[in-house]
Amino acid sequence: MLNQILIFLLDTLLGLFSLALLLRFYMQLLRAPYRNPLSQFLVALTDFIVRPARRIIPGYSGIDLSTLLLAWLAQCMLLTGMLMLQGYEFRSNIGIAITGLALLGLMEIIKMTLYIILVAVIMQAVLSWFNPHTPLAPTLDSFTRPFLGIIRRRIPPIGNVDLSPLFVLVIIQLLLFVVAGTAKEISLLF
């Protein structure tokens, strides 16, 4: 029972911290408006580790690689801690375990990215019906514009109804199936 509690706490704390780092990375990458409460919160929450990491890990073409790497490391630490609490012995095949954990951490980052896009598309669609001028609208638009724009260029609105969010949600669900299958194959290495 104690292990379950520790796994829950580890998953909650490191999972949310990794999510905060990933959101910060994507807000910088997609040039989301900086003057909103979500951006300010993410910067305040993650600045203590991102600033020192930027001194060591340089950015590339305006991409903040240090924040992305920190999110991936947090996921790897989370997976390692969960496996250790479940009684996995790393001593027997350390090379395979490190490779497997690195790949599983990458799969978790991809899965979290897909969920971020999924939630942003749903929130933007719902807010467009009720309150399209909310302060969160520009941030959501910066997150969803690259994905919705691809669909909007190929499928025009039907009867003044934009179906691009529906297509993006279906594509994300299909990608989540692929990621889950890949993660399952990687976990067989253990």
# chains A, B, ... in the order shown; residues from 1 in each chain; ligands from 1
>>> residues_around(residues="Gly15 of chain A", least_positions_apart="5", cutoff="9 Å", atoms="only C-alpha atoms", output="count of residues only")
5
>>> residues_around(residues="Gly100 of chain A", least_positions_apart="6", cutoff="12 Å", atoms="only C-alpha atoms", output="list in words")
Cys76, Leu79, Thr80, Leu83, Phe90, Asn93, Ile94, Leu106, Met107, Thr182, Ala183, Lys184, Glu185, Ile186, Ser187, Leu188, Leu189 and Phe190 of chain A
>>> closest_residue(among="A:Leu140, A:Leu73, A:Leu9, A:Leu85", to="Ile117 of chain A", atoms="only C-alpha atoms")
A:Leu140
>>> select_by_dssp(residues="chain A", states="strand (DSSP E or B)", output="PyMOL selection string")
chain A and resi 60+63+158+161
>>> residues_around(residues="segment 164-169 of chain A", least_positions_apart="4", cutoff="8 Å", atoms="only C-alpha atoms", output="list of chain:residue names")
A:Leu118, A:Val121, A:Ile122, A:Ala125, A:Phe147, A:Leu148, A:Ile151, A:Arg152, A:Ile155, A:Gln173
>>> residues_around(residues="Met84 of chain A", least_positions_apart="2", cutoff="12 Å", atoms="only C-alpha atoms", output="list in words")
Asn3, Gln4, Leu6, Ile7, Leu10, Met77, Leu78, Leu79, Thr80, Gly81, Met82, Gln86, Gly87, Tyr88, Glu89, Phe90, Arg91 and Ala97 of chain A
>>> write_last_selection(atoms="all heavy atoms", output="CSV table (one decimal), in the first residue's frame")
chain,number,residue,atom,x,y,z
A,3,ASN,N,3.8,1.5,-1.3
A,3,ASN,CA,4.3,1.7,-2.7
A,3,ASN,C,3.3,2.4,-3.6
A,3,ASN,O,3.7,3.2,-4.4
A,3,ASN,CB,4.7,0.3,-3.3
A,3,ASN,CG,6.1,-0.1,-2.8
A,3,ASN,OD1,6.8,0.7,-2.1
A,3,ASN,ND2,6.5,-1.3,-3.2
A,4,GLN,N,2.0,2.0,-3.5
A,4,GLN,CA,1.0,2.6,-4.3
A,4,GLN,C,0.9,4.1,-4.0
A,4,GLN,O,0.7,4.9,-4.9
A,4,GLN,CB,-0.3,2.0,-4.1
A,4,GLN,CG,-0.4,0.6,-4.6
A,4,GLN,CD,-1.7,-0.2,-4.3
A,4,GLN,OE1,-2.3,0.2,-3.3
A,4,GLN,NE2,-2.0,-1.2,-5.1
A,6,LEU,N,3.3,6.1,-2.8
A,6,LEU,CA,4.5,6.7,-3.3
A,6,LEU,C,4.5,6.8,-4.9
A,6,LEU,O,4.9,7.8,-5.4
A,6,LEU,CB,5.8,5.9,-2.9
A,6,LEU,CG,6.1,6.0,-1.4
A,6,LEU,CD1,7.2,5.1,-1.1
A,6,LEU,CD2,6.4,7.4,-1.0
A,7,ILE,N,4.0,5.8,-5.5
A,7,ILE,CA,3.8,5.8,-7.0
A,7,ILE,C,2.9,6.9,-7.4
A,7,ILE,O,3.1,7.7,-8.3
A,7,ILE,CB,3.4,4.5,-7.6
A,7,ILE,CG1,4.5,3.5,-7.5
A,7,ILE,CG2,2.9,4.6,-9.0
A,7,ILE,CD1,4.2,2.0,-7.8
A,10,LEU,N,4.6,10.3,-6.8
A,10,LEU,CA,5.7,10.5,-7.8
A,10,LEU,C,5.1,10.8,-9.1
A,10,LEU,O,5.5,11.8,-9.8
A,10,LEU,CB,6.5,9.2,-7.9
A,10,LEU,CG,7.8,9.3,-8.8
A,10,LEU,CD1,8.8,10.2,-8.1
A,10,LEU,CD2,8.3,7.9,-8.9
A,77,MET,N,12.9,10.1,-15.2
A,77,MET,CA,13.0,9.9,-13.7
A,77,MET,C,11.7,9.3,-13.2
A,77,MET,O,11.7,8.5,-12.3
A,77,MET,CB,13.3,11.3,-13.1
A,77,MET,CG,14.7,11.8,-13.3
A,77,MET,SD,15.0,13.5,-12.7
A,77,MET,CE,14.2,13.5,-11.1
A,78,LEU,N,10.6,9.8,-13.7
A,78,LEU,CA,9.3,9.3,-13.2
A,78,LEU,C,9.2,7.8,-13.5
A,78,LEU,O,8.8,7.0,-12.7
A,78,LEU,CB,8.1,10.0,-13.9
A,78,LEU,CG,6.7,9.5,-13.8
A,78,LEU,CD1,6.3,9.5,-12.3
A,78,LEU,CD2,5.8,10.3,-14.6
A,79,LEU,N,9.5,7.4,-14.7
A,79,LEU,CA,9.5,6.0,-15.1
A,79,LEU,C,10.4,5.1,-14.3
A,79,LEU,O,10.1,4.0,-13.8
A,79,LEU,CB,9.8,5.8,-16.6
A,79,LEU,CG,8.7,6.4,-17.5
A,79,LEU,CD1,9.2,6.4,-19.0
A,79,LEU,CD2,7.4,5.5,-17.5
A,80,THR,N,11.6,5.6,-14.1
A,80,THR,CA,12.6,4.9,-13.3
A,80,THR,C,12.1,4.7,-11.8
A,80,THR,O,12.2,3.6,-11.3
A,80,THR,CB,14.0,5.7,-13.2
A,80,THR,OG1,14.4,5.9,-14.6
A,80,THR,CG2,15.0,4.9,-12.5
A,81,GLY,N,11.6,5.8,-11.2
A,81,GLY,CA,11.1,5.7,-9.9
A,81,GLY,C,9.9,4.8,-9.8
A,81,GLY,O,9.8,4.0,-8.8
A,82,MET,N,9.0,4.8,-10.7
A,82,MET,CA,7.9,3.9,-10.7
A,82,MET,C,8.3,2.4,-10.8
A,82,MET,O,7.8,1.5,-10.1
A,82,MET,CB,6.9,4.2,-11.8
A,82,MET,CG,6.2,5.5,-11.5
A,82,MET,SD,5.0,6.0,-12.9
A,82,MET,CE,3.8,4.8,-12.8
A,86,GLN,N,8.1,-0.6,-8.0
A,86,GLN,CA,7.4,-1.8,-8.3
A,86,GLN,C,8.3,-3.1,-8.2
A,86,GLN,O,7.9,-4.2,-8.5
A,86,GLN,CB,6.8,-1.8,-9.8
A,86,GLN,CG,5.7,-0.8,-9.9
A,86,GLN,CD,5.2,-0.6,-11.3
A,86,GLN,OE1,5.9,-1.0,-12.2
A,86,GLN,NE2,4.1,0.2,-11.5
A,87,GLY,N,9.6,-2.8,-7.9
A,87,GLY,CA,10.5,-3.9,-7.6
A,87,GLY,C,11.3,-4.4,-8.8
A,87,GLY,O,11.9,-5.4,-8.8
A,88,TYR,N,11.5,-3.6,-9.8
A,88,TYR,CA,12.3,-3.9,-11.0
A,88,TYR,C,13.7,-3.8,-10.6
A,88,TYR,O,14.2,-2.8,-10.1
A,88,TYR,CB,11.9,-3.0,-12.2
A,88,TYR,CG,12.7,-3.4,-13.4
A,88,TYR,CD1,12.4,-4.5,-14.2
A,88,TYR,CD2,13.8,-2.7,-13.8
A,88,TYR,CE1,13.1,-4.9,-15.3
A,88,TYR,CE2,14.5,-3.0,-15.0
A,88,TYR,CZ,14.2,-4.1,-15.7
A,88,TYR,OH,14.9,-4.4,-16.8
A,89,GLU,N,14.5,-4.8,-11.0
A,89,GLU,CA,16.0,-4.8,-10.8
A,89,GLU,C,16.7,-4.3,-12.0
A,89,GLU,O,16.6,-4.9,-13.1
A,89,GLU,CB,16.4,-6.2,-10.4
A,89,GLU,CG,15.9,-6.8,-9.1
A,89,GLU,CD,16.6,-6.1,-7.9
A,89,GLU,OE1,17.7,-5.7,-8.0
A,89,GLU,OE2,15.9,-6.0,-6.9
A,90,PHE,N,17.4,-3.2,-11.9
A,90,PHE,CA,18.1,-2.7,-13.0
A,90,PHE,C,19.5,-3.3,-13.2
A,90,PHE,O,20.1,-3.1,-14.2
A,90,PHE,CB,18.3,-1.1,-12.8
A,90,PHE,CG,17.0,-0.4,-13.0
A,90,PHE,CD1,16.3,0.1,-11.9
A,90,PHE,CD2,16.5,-0.2,-14.3
A,90,PHE,CE1,15.1,0.8,-12.1
A,90,PHE,CE2,15.3,0.5,-14.5
A,90,PHE,CZ,14.6,1.0,-13.4
A,91,ARG,N,20.0,-4.0,-12.2
A,91,ARG,CA,21.4,-4.5,-12.3
A,91,ARG,C,21.6,-5.5,-13.4
A,91,ARG,O,22.7,-5.6,-13.9
A,91,ARG,CB,21.8,-5.1,-10.9
A,91,ARG,CG,22.1,-4.0,-9.9
A,91,ARG,CD,22.3,-4.6,-8.6
A,91,ARG,NE,21.0,-4.7,-7.9
A,91,ARG,CZ,20.7,-5.3,-6.8
A,91,ARG,NH1,21.7,-6.0,-6.3
A,91,ARG,NH2,19.6,-5.3,-6.3
A,97,ALA,N,17.9,-1.5,-20.0
A,97,ALA,CA,17.0,-0.7,-19.2
A,97,ALA,C,17.1,0.8,-19.5
A,97,ALA,O,16.1,1.5,-19.6
A,97,ALA,CB,17.2,-1.0,-17.7
>>> closest_residue(among="A:Gln124, A:Thr139, A:Thr144, A:Ser61", to="Pro37 of chain A", atoms="only C-alpha atoms")
A:Thr139
>>> atom_distance(atom1="atom CA of Ser39 of chain A", atom2="atom CA of Leu174 of chain A")
29.5 Å
>>> residues_around(residues="Leu70 of chain A", least_positions_apart="3", cutoff="10 Å", atoms="only C-alpha atoms", output="list in words")
Phe17, Ser18, Leu21, Leu22, Phe25, Thr46, Ile49, Val50, Ala53, Leu65, Ser66, Thr67, Leu73, Ala74, Gln75 and Cys76 of chain A
>>> write_last_selection(atoms="N, CA and C atoms", output="PDB file, in the first residue's frame")
ATOM      1  N   PHE A  17       5.001  18.364 -13.235  1.00  0.00           N
ATOM      2  CA  PHE A  17       6.165  19.209 -13.506  1.00  0.00           C
ATOM      3  C   PHE A  17       6.635  19.024 -14.948  1.00  0.00           C
ATOM      4  N   SER A  18       6.635  17.793 -15.410  1.00  0.00           N
ATOM      5  CA  SER A  18       6.994  17.528 -16.799  1.00  0.00           C
ATOM      6  C   SER A  18       5.993  18.185 -17.751  1.00  0.00           C
ATOM      7  N   LEU A  21       6.798  21.894 -17.887  1.00  0.00           N
ATOM      8  CA  LEU A  21       7.960  22.139 -18.738  1.00  0.00           C
ATOM      9  C   LEU A  21       7.598  22.018 -20.211  1.00  0.00           C
ATOM     10  N   LEU A  22       6.801  21.012 -20.540  1.00  0.00           N
ATOM     11  CA  LEU A  22       6.409  20.802 -21.930  1.00  0.00           C
ATOM     12  C   LEU A  22       5.511  21.935 -22.431  1.00  0.00           C
ATOM     13  N   PHE A  25       7.704  24.869 -23.114  1.00  0.00           N
ATOM     14  CA  PHE A  25       8.426  24.668 -24.374  1.00  0.00           C
ATOM     15  C   PHE A  25       7.539  25.004 -25.569  1.00  0.00           C
ATOM     16  N   THR A  46       8.752  26.938 -13.400  1.00  0.00           N
ATOM     17  CA  THR A  46       9.862  26.176 -13.978  1.00  0.00           C
ATOM     18  C   THR A  46      11.166  26.953 -14.123  1.00  0.00           C
ATOM     19  N   ILE A  49      14.777  25.825 -12.708  1.00  0.00           N
ATOM     20  CA  ILE A  49      15.579  24.775 -13.336  1.00  0.00           C
ATOM     21  C   ILE A  49      15.893  25.082 -14.797  1.00  0.00           C
ATOM     22  N   VAL A  50      15.042  25.863 -15.460  1.00  0.00           N
ATOM     23  CA  VAL A  50      15.249  26.154 -16.880  1.00  0.00           C
ATOM     24  C   VAL A  50      16.411  27.122 -17.083  1.00  0.00           C
ATOM     25  N   ALA A  53      19.741  25.400 -16.794  1.00  0.00           N
ATOM     26  CA  ALA A  53      19.889  24.434 -17.889  1.00  0.00           C
ATOM     27  C   ALA A  53      20.206  25.126 -19.203  1.00  0.00           C
ATOM     28  N   LEU A  65      15.817  23.999 -26.449  1.00  0.00           N
ATOM     29  CA  LEU A  65      16.082  22.575 -26.256  1.00  0.00           C
ATOM     30  C   LEU A  65      16.239  22.190 -24.790  1.00  0.00           C
ATOM     31  N   SER A  66      16.694  23.117 -23.964  1.00  0.00           N
ATOM     32  CA  SER A  66      16.900  22.791 -22.553  1.00  0.00           C
ATOM     33  C   SER A  66      15.576  22.461 -21.861  1.00  0.00           C
ATOM     34  N   THR A  67      14.519  23.204 -22.161  1.00  0.00           N
ATOM     35  CA  THR A  67      13.216  22.942 -21.541  1.00  0.00           C
ATOM     36  C   THR A  67      12.661  21.609 -22.011  1.00  0.00           C
ATOM     37  N   LEU A  73      13.723  14.397 -19.296  1.00  0.00           N
ATOM     38  CA  LEU A  73      14.413  13.848 -18.119  1.00  0.00           C
ATOM     39  C   LEU A  73      13.448  13.626 -16.954  1.00  0.00           C
ATOM     40  N   ALA A  74      12.509  14.532 -16.770  1.00  0.00           N
ATOM     41  CA  ALA A  74      11.510  14.350 -15.709  1.00  0.00           C
ATOM     42  C   ALA A  74      10.682  13.094 -15.968  1.00  0.00           C
ATOM     43  N   GLN A  75      10.331  12.863 -17.229  1.00  0.00           N
ATOM     44  CA  GLN A  75       9.575  11.648 -17.553  1.00  0.00           C
ATOM     45  C   GLN A  75      10.424  10.403 -17.324  1.00  0.00           C
ATOM     46  N   CYS A  76      11.697  10.448 -17.683  1.00  0.00           N
ATOM     47  CA  CYS A  76      12.590   9.304 -17.455  1.00  0.00           C
ATOM     48  C   CYS A  76      12.754   9.036 -15.965  1.00  0.00           C
TER      49      CYS A  76
END
>>> residues_around(residues="Gln28 of chain A", least_positions_apart="3", cutoff="8 Å", atoms="only C-alpha atoms", output="number ranges by chain")
A: 24-25, 31-32, 63-64
